[in-house]
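J.: Quick one, run25.cif (mmCIF, C-alpha atoms):
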data_entry
loop_
_atom_site.label_atom_id
_atom_site.label_comp_id
_atom_site.auth_asym_id
_atom_site.auth_seq_id
_atom_site.Cartn_x
_atom_site.Cartn_y
_atom_site.Cartn_z
CA MET A 1 180.55 -20.63 132.23
CA PRO A 2 177.54 -21.39 129.97
CA ASN A 3 174.85 -23.68 131.25
CA PRO A 4 175.37 -27.26 130.03
CA PRO A 5 172.49 -28.72 128.00
CA THR A 6 170.38 -30.64 130.50
CA GLU A 7 168.80 -32.90 127.87
CA ASP A 8 172.25 -34.44 127.24
CA LEU A 9 173.07 -34.75 130.93
CA PHE A 10 169.92 -36.59 131.85
CA ALA A 11 169.77 -38.97 128.90
CA THR A 12 168.46 -42.31 130.07
CA LYS A 13 169.32 -44.44 127.05
CA PRO A 14 171.88 -47.18 127.74
CA GLY A 15 175.21 -46.32 126.19
CA SER A 16 174.42 -42.61 125.83
CA ASP A 17 177.28 -40.24 126.49
CA PHE A 18 177.53 -39.09 130.09
CA ASP A 19 179.77 -36.21 131.07
CA PRO A 20 180.60 -36.11 134.81
CA LEU A 21 182.14 -32.65 134.38
CA ALA A 22 178.94 -31.21 132.92
CA LEU A 23 176.72 -32.88 135.52
CA SER A 24 179.03 -31.80 138.35
CA ALA A 25 178.84 -28.23 137.05
CA LEU A 26 175.06 -28.40 136.97
CA MET A 27 174.78 -29.93 140.45
CA THR A 28 177.34 -27.66 142.10
CA ARG A 29 175.77 -24.45 140.76
CA ARG A 30 172.36 -25.12 142.23
CA ALA A 31 170.58 -26.08 145.41
CA HIS A 32 172.42 -27.42 148.44
CA ALA A 33 175.71 -28.29 146.71
CA GLY A 34 175.82 -24.84 145.11
CA TRP A 35 175.17 -23.10 148.40
CA LEU A 36 177.96 -25.11 150.02
CA GLY A 37 180.31 -24.06 147.22
CA MET A 38 181.17 -27.53 145.97
CA ALA A 39 183.30 -27.58 142.83
CA TYR A 40 184.37 -30.19 140.29
CA GLU A 41 187.98 -31.39 140.65
CA GLY A 42 188.29 -34.39 138.34
CA HIS A 43 186.89 -37.73 137.19
CA GLY A 44 187.79 -41.02 135.59
CA ASP A 45 186.15 -44.35 134.91
CA GLY A 46 183.88 -44.88 137.91
CA TRP A 47 185.29 -42.11 140.13
CA VAL A 48 184.67 -38.41 140.68
CA GLU A 49 186.37 -35.77 142.81
CA LEU A 50 184.58 -32.71 144.15
CA SER A 51 185.86 -30.08 146.56
CA LEU A 52 184.35 -28.16 149.44
CA PRO A 53 185.90 -24.80 150.33
CA TRP A 54 186.66 -23.83 153.90
CA ARG A 55 184.28 -21.06 154.88
CA GLU A 56 183.62 -19.57 158.27
CA ASP A 57 179.90 -20.22 157.97
CA LEU A 58 180.60 -23.97 157.48
CA VAL A 59 182.61 -24.24 160.70
CA GLY A 60 181.12 -26.48 163.38
CA VAL A 61 182.92 -25.13 166.45
CA PRO A 62 184.02 -21.49 166.05
CA GLU A 63 186.81 -21.82 168.62
CA THR A 64 188.56 -24.50 166.53
CA GLY A 65 187.78 -23.39 162.97
CA VAL A 66 187.07 -27.02 162.01
CA LEU A 67 184.46 -27.64 159.32
CA ALA A 68 181.20 -29.16 160.52
CA SER A 69 180.51 -32.77 159.61
CA GLY A 70 177.31 -32.04 157.63
CA PRO A 71 179.00 -30.32 154.68
CA ILE A 72 181.57 -33.12 154.46
CA ILE A 73 178.79 -35.72 154.42
CA SER A 74 177.06 -33.76 151.64
CA LEU A 75 180.33 -33.59 149.70
CA MET A 76 180.79 -37.33 149.90
CA ASP A 77 177.15 -38.09 149.08
CA ASN A 78 177.47 -35.97 145.92
CA ALA A 79 180.87 -37.38 144.89
CA THR A 80 179.79 -41.00 145.34
CA SER A 81 176.45 -40.34 143.63
CA ILE A 82 178.08 -38.87 140.53
CA SER A 83 180.60 -41.74 140.52
CA VAL A 84 177.69 -44.15 140.05
CA TRP A 85 176.55 -42.28 136.95
CA SER A 86 180.13 -42.21 135.74
CA MET A 87 180.35 -46.00 136.07
CA ALA A 88 176.93 -46.54 134.49
CA ARG A 89 177.83 -43.99 131.80
CA ARG A 90 174.40 -42.40 132.06
CA PHE A 91 172.23 -40.45 134.46
CA LEU A 92 169.62 -42.51 136.30
CA PRO A 93 167.64 -41.18 139.25
CA HIS A 94 168.65 -42.97 142.42
CA ALA A 95 168.47 -42.68 146.18
CA THR A 96 171.14 -43.05 148.83
CA LEU A 97 170.27 -46.22 150.72
CA ASP A 98 173.21 -46.11 153.07
CA LEU A 99 176.26 -43.91 153.46
CA ARG A 100 178.47 -44.77 156.39
CA VAL A 101 180.99 -42.08 157.26
CA ASP A 102 183.96 -42.85 159.49
CA TYR A 103 185.79 -39.72 160.58
CA VAL A 104 189.51 -40.29 161.00
CA ARG A 105 190.45 -36.76 162.07
CA ALA A 106 189.29 -33.16 161.87
CA ALA A 107 189.91 -31.25 158.65
CA GLU A 108 192.57 -28.55 158.99
CA PRO A 109 191.02 -25.10 159.46
CA GLY A 110 191.36 -22.94 156.37
CA ARG A 111 191.84 -25.81 153.91
CA LYS A 112 189.41 -27.02 151.27
CA VAL A 113 188.33 -30.65 151.52
CA ILE A 114 188.52 -32.91 148.49
CA GLY A 115 186.00 -35.74 148.25
CA ARG A 116 186.76 -38.68 145.98
CA GLY A 117 183.88 -41.04 145.37
CA GLU A 118 184.27 -44.35 143.58
CA CYS A 119 181.62 -46.75 142.33
CA TYR A 120 183.19 -50.18 142.46
CA LYS A 121 180.20 -52.42 141.66
CA LEU A 122 176.90 -52.08 139.82
CA THR A 123 174.05 -54.55 139.87
CA ARG A 124 170.72 -54.07 138.11
CA THR A 125 169.37 -51.78 140.83
CA ILE A 126 172.09 -51.32 143.47
CA ALA A 127 175.36 -49.39 143.20
CA PHE A 128 178.18 -49.94 145.70
CA VAL A 129 180.42 -46.98 146.50
CA ARG A 130 183.37 -45.99 148.65
CA GLY A 131 185.50 -42.92 149.02
CA ILE A 132 187.69 -40.65 151.07
CA ALA A 133 187.69 -37.02 152.04
CA HIS A 134 191.04 -35.31 152.57
CA ASP A 135 192.38 -31.79 152.94
CA GLY A 136 195.48 -32.09 150.80
CA ASP A 137 196.98 -35.54 151.34
CA PRO A 138 194.92 -38.57 150.25
CA ASP A 139 197.15 -40.74 152.42
CA ASP A 140 195.98 -38.78 155.50
CA PRO A 141 192.19 -38.78 155.07
CA VAL A 142 189.68 -36.80 157.08
CA ALA A 143 187.01 -39.47 156.52
CA HIS A 144 186.28 -42.77 154.79
CA VAL A 145 182.85 -43.55 153.36
CA ILE A 146 181.13 -46.66 152.08
CA GLY A 147 177.58 -46.95 150.90
CA THR A 148 174.91 -48.03 148.47
CA PHE A 149 172.55 -46.30 146.08
CA MET A 150 169.34 -47.73 144.62
CA ALA A 151 168.05 -46.95 141.13
CA THR A 152 164.57 -45.49 141.51
CA HIS A 153 163.56 -45.40 137.82
CA GLY A 154 165.04 -48.08 135.58
CA THR A 155 168.18 -50.14 136.05
CA TYR A 156 171.90 -49.38 136.04
CA LEU A 157 172.74 -52.30 133.75
#
Can you dump the structure from the file as structure tokens?
T.:
Amino acid sequence: MPNPPTEDLFATKPGSDFDPLALSALMTRRAHAGWLGMAYEGHGDGWVELSLPWREDLVGVPETGVLASGPIISLMDNATSISVWSMARRFLPHATLDLRVDYVRAAEPGRKVIGRGECYKLTRTIAFVRGIAHDGDPDDPVAHVIGTFMATHGTYL
């Protein structure tokens, strides 16, 4: 896959085109998300889905084969972060202020985990997000998340 043009992804002009697929591809090929193997699954207005593969080196307790919590937290931080940019329709540097993760159950060993992040409210400098992580059935989530992001350079609106 060719590298997406970063100048288009990181445009900071209000109303500029923002492509969650291209940004997800950029983010999931590099750094922490890339090492974890995150991949783009889908997006819509204000929501993004990313996936995390099951890998032995991401298992928390070898005897159970259950993924560790850290990679799932990273998945949800990335999915909710990109959902903010999807809602704002532009990239704007921001920081995670709070991301509460409530684990409902362990992910099934051997299954990839899908993280769906949704931005449901933007103010000038704060974005409100929620989401779920599941391993195949969104009605039987592994975890629920809720959180906030703060724009660090400029405003969302």
J.: Given the file above and the PyMOL selection byres ((chain A and resi 147) around 8), which residues are selected, and can you give them as a compact mmCIF listing (two decimals) with C-alpha atoms, keeping the file's coordinate frame?
T.:
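part-v3.txt was written with the following content:
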# COMPACT_ATOMS: atom_id res chain seq x y z
CA THR A 96 171.14 -43.05 148.83
CA LEU A 97 170.27 -46.22 150.72
CA ASP A 98 173.21 -46.11 153.07
CA LEU A 99 176.26 -43.91 153.46
CA ARG A 100 178.47 -44.77 156.39
CA PHE A 128 178.18 -49.94 145.70
CA VAL A 129 180.42 -46.98 146.50
CA ARG A 130 183.37 -45.99 148.65
CA VAL A 145 182.85 -43.55 153.36
CA ILE A 146 181.13 -46.66 152.08
CA THR A 148 174.91 -48.03 148.47
CA PHE A 149 172.55 -46.30 146.08
J.: Find, counting all atoms listed in the file, the residue in A:Gly65, A:Pro109, A:Pro71, A:Pro20 that gets nearest to Leu36 (chain A).
T.: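 Nearest candidate to Leu36 (chain A) out of A:Gly65, A:Pro109, A:Pro71, A:Pro20: A:Pro71.
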J.: For a cutoff of 12 Å around the file-coordinate point (187.3, -36.8, 134.3), which residues qualify once you count all atoms listed in the file? I'd like the result as a list in words.
T.: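 Checked against the point, the hits come out as Phe18, Asp19, Pro20, Leu21, Ala22, Leu23, Ser24, Tyr40, Glu41, Gly42, His43, Gly44, Asp45, Gly46, Trp47, Val48, Glu49, Leu50, Ile82, Ser83, Ser86, Met87 and Arg116 of chain A.
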J.: Would you output that residue set with C-alpha atoms, as a short mmCIF file (atom, residue, chain, number, x, y, z; two decimals), keeping the file's coordinate frame?
T.:
data_model
loop_
_atom_site.label_atom_id
_atom_site.label_comp_id
_atom_site.auth_asym_id
_atom_site.auth_seq_id
_atom_site.Cartn_x
_atom_site.Cartn_y
_atom_site.Cartn_z
CA PHE A 18 177.53 -39.09 130.09
CA ASP A 19 179.77 -36.21 131.07
CA PRO A 20 180.60 -36.11 134.81
CA LEU A 21 182.14 -32.65 134.38
CA ALA A 22 178.94 -31.21 132.92
CA LEU A 23 176.72 -32.88 135.52
CA SER A 24 179.03 -31.80 138.35
CA TYR A 40 184.37 -30.19 140.29
CA GLU A 41 187.98 -31.39 140.65
CA GLY A 42 188.29 -34.39 138.34
CA HIS A 43 186.89 -37.73 137.19
CA GLY A 44 187.79 -41.02 135.59
CA ASP A 45 186.15 -44.35 134.91
CA GLY A 46 183.88 -44.88 137.91
CA TRP A 47 185.29 -42.11 140.13
CA VAL A 48 184.67 -38.41 140.68
CA GLU A 49 186.37 -35.77 142.81
CA LEU A 50 184.58 -32.71 144.15
CA ILE A 82 178.08 -38.87 140.53
CA SER A 83 180.60 -41.74 140.52
CA SER A 86 180.13 -42.21 135.74
CA MET A 87 180.35 -46.00 136.07
CA ARG A 116 186.76 -38.68 145.98
#
J.: Counting all atoms listed in the file, what is within 8 Å of Thr28 (chain A), bar same-chain residues fewer than 5 positions away, as a list of chain:residue names?
T.: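 Listed by chain and then number, they are A:Ala33, A:Gly34, A:Gly37, A:Met38, A:Ala39, A:Tyr40.
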J.: What does the structure give for the distance between CA of Thr123 (chain A) and CA of His144 (chain A), in Å to one decimal?
T.: 22.6 Å
J.: Using all atoms listed in the file, pick whichever of A:Asp139, A:Glu118, A:Asp77, A:Glu108 has the shortest atom-to-atom distance to Pro53 (chain A).
T.: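 Checking each candidate against Pro53 (chain A), we get A:Glu108 as the closest.
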J.: On this structure, which residues satisfy the PyMOL selection byres ((chain A and resi 122) around 9), written as a PyMOL selection string?
T.: chain A and resi 84+87-88+119-121+123-128+156-157
J.: Would you work out the distance separating CA of Ala143 (chain A) from CA of Ala107 (chain A), expressed in Å to one decimal?
T.: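 The value is 9.0 Å.
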J.: Starting from the displayed file, determine the output of the PyMOL selection byres ((chain A and resi 66) around 9) and express the residue list as a ChimeraX atom specification.
T.: /A:54,58-65,67-68,106-110
J.: May I ask for the distance between CA of Leu75 (chain A) and CA of Val101 (chain A), given in Å to one decimal place?
T.: 11.4 Å
J.: My list of candidates is A:Thr152, A:Ser81, A:Ser69, A:Ser74. Which is closest to Val104 (chain A) when distances are computed with all atoms listed in the file?
T.: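 Among the listed residues, A:Ser69 lies closest to Val104 (chain A).
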J.: Find the residue from A:Arg89, A:His153, A:Leu26, A:Ile72 that sits nearest to Lys112 (chain A); use only C-alpha atoms when measuring.
T.: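 For Lys112 (chain A), the nearest of the candidates is A:Ile72.
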J.: Some atoms are absent from region 29-53 of chain A, so rebuild N, CA and C atoms and return them as a CSV table (one decimal), in the frame of the given file.
T.:
chain,number,residue,atom,x,y,z
A,29,ARG,N,176.2,-25.8,140.9
A,29,ARG,CA,175.8,-24.4,140.8
A,29,ARG,C,174.4,-24.2,141.4
A,30,ARG,N,173.7,-25.3,141.8
A,30,ARG,CA,172.4,-25.1,142.2
A,30,ARG,C,172.2,-25.8,143.6
A,31,ALA,N,171.1,-25.4,144.2
A,31,ALA,CA,170.6,-26.1,145.4
A,31,ALA,C,171.6,-26.2,146.5
A,32,HIS,N,171.6,-27.2,147.3
A,32,HIS,CA,172.4,-27.4,148.4
A,32,HIS,C,173.9,-27.4,148.1
A,33,ALA,N,174.3,-28.2,147.1
A,33,ALA,CA,175.7,-28.3,146.7
A,33,ALA,C,176.2,-26.9,146.3
A,34,GLY,N,175.4,-26.2,145.5
A,34,GLY,CA,175.8,-24.8,145.1
A,34,GLY,C,176.0,-23.9,146.3
A,35,TRP,N,175.1,-24.0,147.2
A,35,TRP,CA,175.2,-23.1,148.4
A,35,TRP,C,176.4,-23.4,149.2
A,36,LEU,N,176.8,-24.7,149.3
A,36,LEU,CA,178.0,-25.1,150.0
A,36,LEU,C,179.2,-24.7,149.3
A,37,GLY,N,179.1,-24.5,148.0
A,37,GLY,CA,180.3,-24.1,147.2
A,37,GLY,C,181.1,-25.2,146.7
A,38,MET,N,180.5,-26.4,146.5
A,38,MET,CA,181.2,-27.5,146.0
A,38,MET,C,181.6,-27.2,144.5
A,39,ALA,N,182.8,-27.8,144.2
A,39,ALA,CA,183.3,-27.6,142.8
A,39,ALA,C,183.8,-28.9,142.3
A,40,TYR,N,183.8,-29.0,141.0
A,40,TYR,CA,184.4,-30.2,140.3
A,40,TYR,C,185.9,-30.1,140.4
A,41,GLU,N,186.5,-31.3,140.6
A,41,GLU,CA,188.0,-31.4,140.6
A,41,GLU,C,188.5,-32.3,139.6
A,42,GLY,N,187.8,-33.4,139.3
A,42,GLY,CA,188.3,-34.4,138.3
A,42,GLY,C,187.4,-35.6,138.3
A,43,HIS,N,187.6,-36.5,137.3
A,43,HIS,CA,186.9,-37.7,137.2
A,43,HIS,C,187.6,-38.7,136.3
A,44,GLY,N,187.3,-40.0,136.4
A,44,GLY,CA,187.8,-41.0,135.6
A,44,GLY,C,186.7,-42.1,135.5
A,45,ASP,N,187.1,-43.3,135.1
A,45,ASP,CA,186.2,-44.4,134.9
A,45,ASP,C,185.7,-44.8,136.3
A,46,GLY,N,184.5,-44.4,136.6
A,46,GLY,CA,183.9,-44.9,137.9
A,46,GLY,C,184.3,-44.1,139.1
A,47,TRP,N,185.0,-43.0,139.0
A,47,TRP,CA,185.3,-42.1,140.1
A,47,TRP,C,185.1,-40.6,139.8
A,48,VAL,N,184.8,-39.9,140.8
A,48,VAL,CA,184.7,-38.4,140.7
A,48,VAL,C,185.3,-37.7,141.9
A,49,GLU,N,185.9,-36.6,141.7
A,49,GLU,CA,186.4,-35.8,142.8
A,49,GLU,C,185.7,-34.4,142.8
A,50,LEU,N,185.2,-34.0,143.9
A,50,LEU,CA,184.6,-32.7,144.2
A,50,LEU,C,185.3,-32.1,145.3
A,51,SER,N,185.2,-30.7,145.4
A,51,SER,CA,185.9,-30.1,146.6
A,51,SER,C,184.8,-29.2,147.3
A,52,LEU,N,185.2,-29.0,148.5
A,52,LEU,CA,184.4,-28.2,149.4
A,52,LEU,C,185.3,-27.1,150.0
A,53,PRO,N,185.0,-25.8,149.8
A,53,PRO,CA,185.9,-24.8,150.3
A,53,PRO,C,185.7,-24.7,151.8
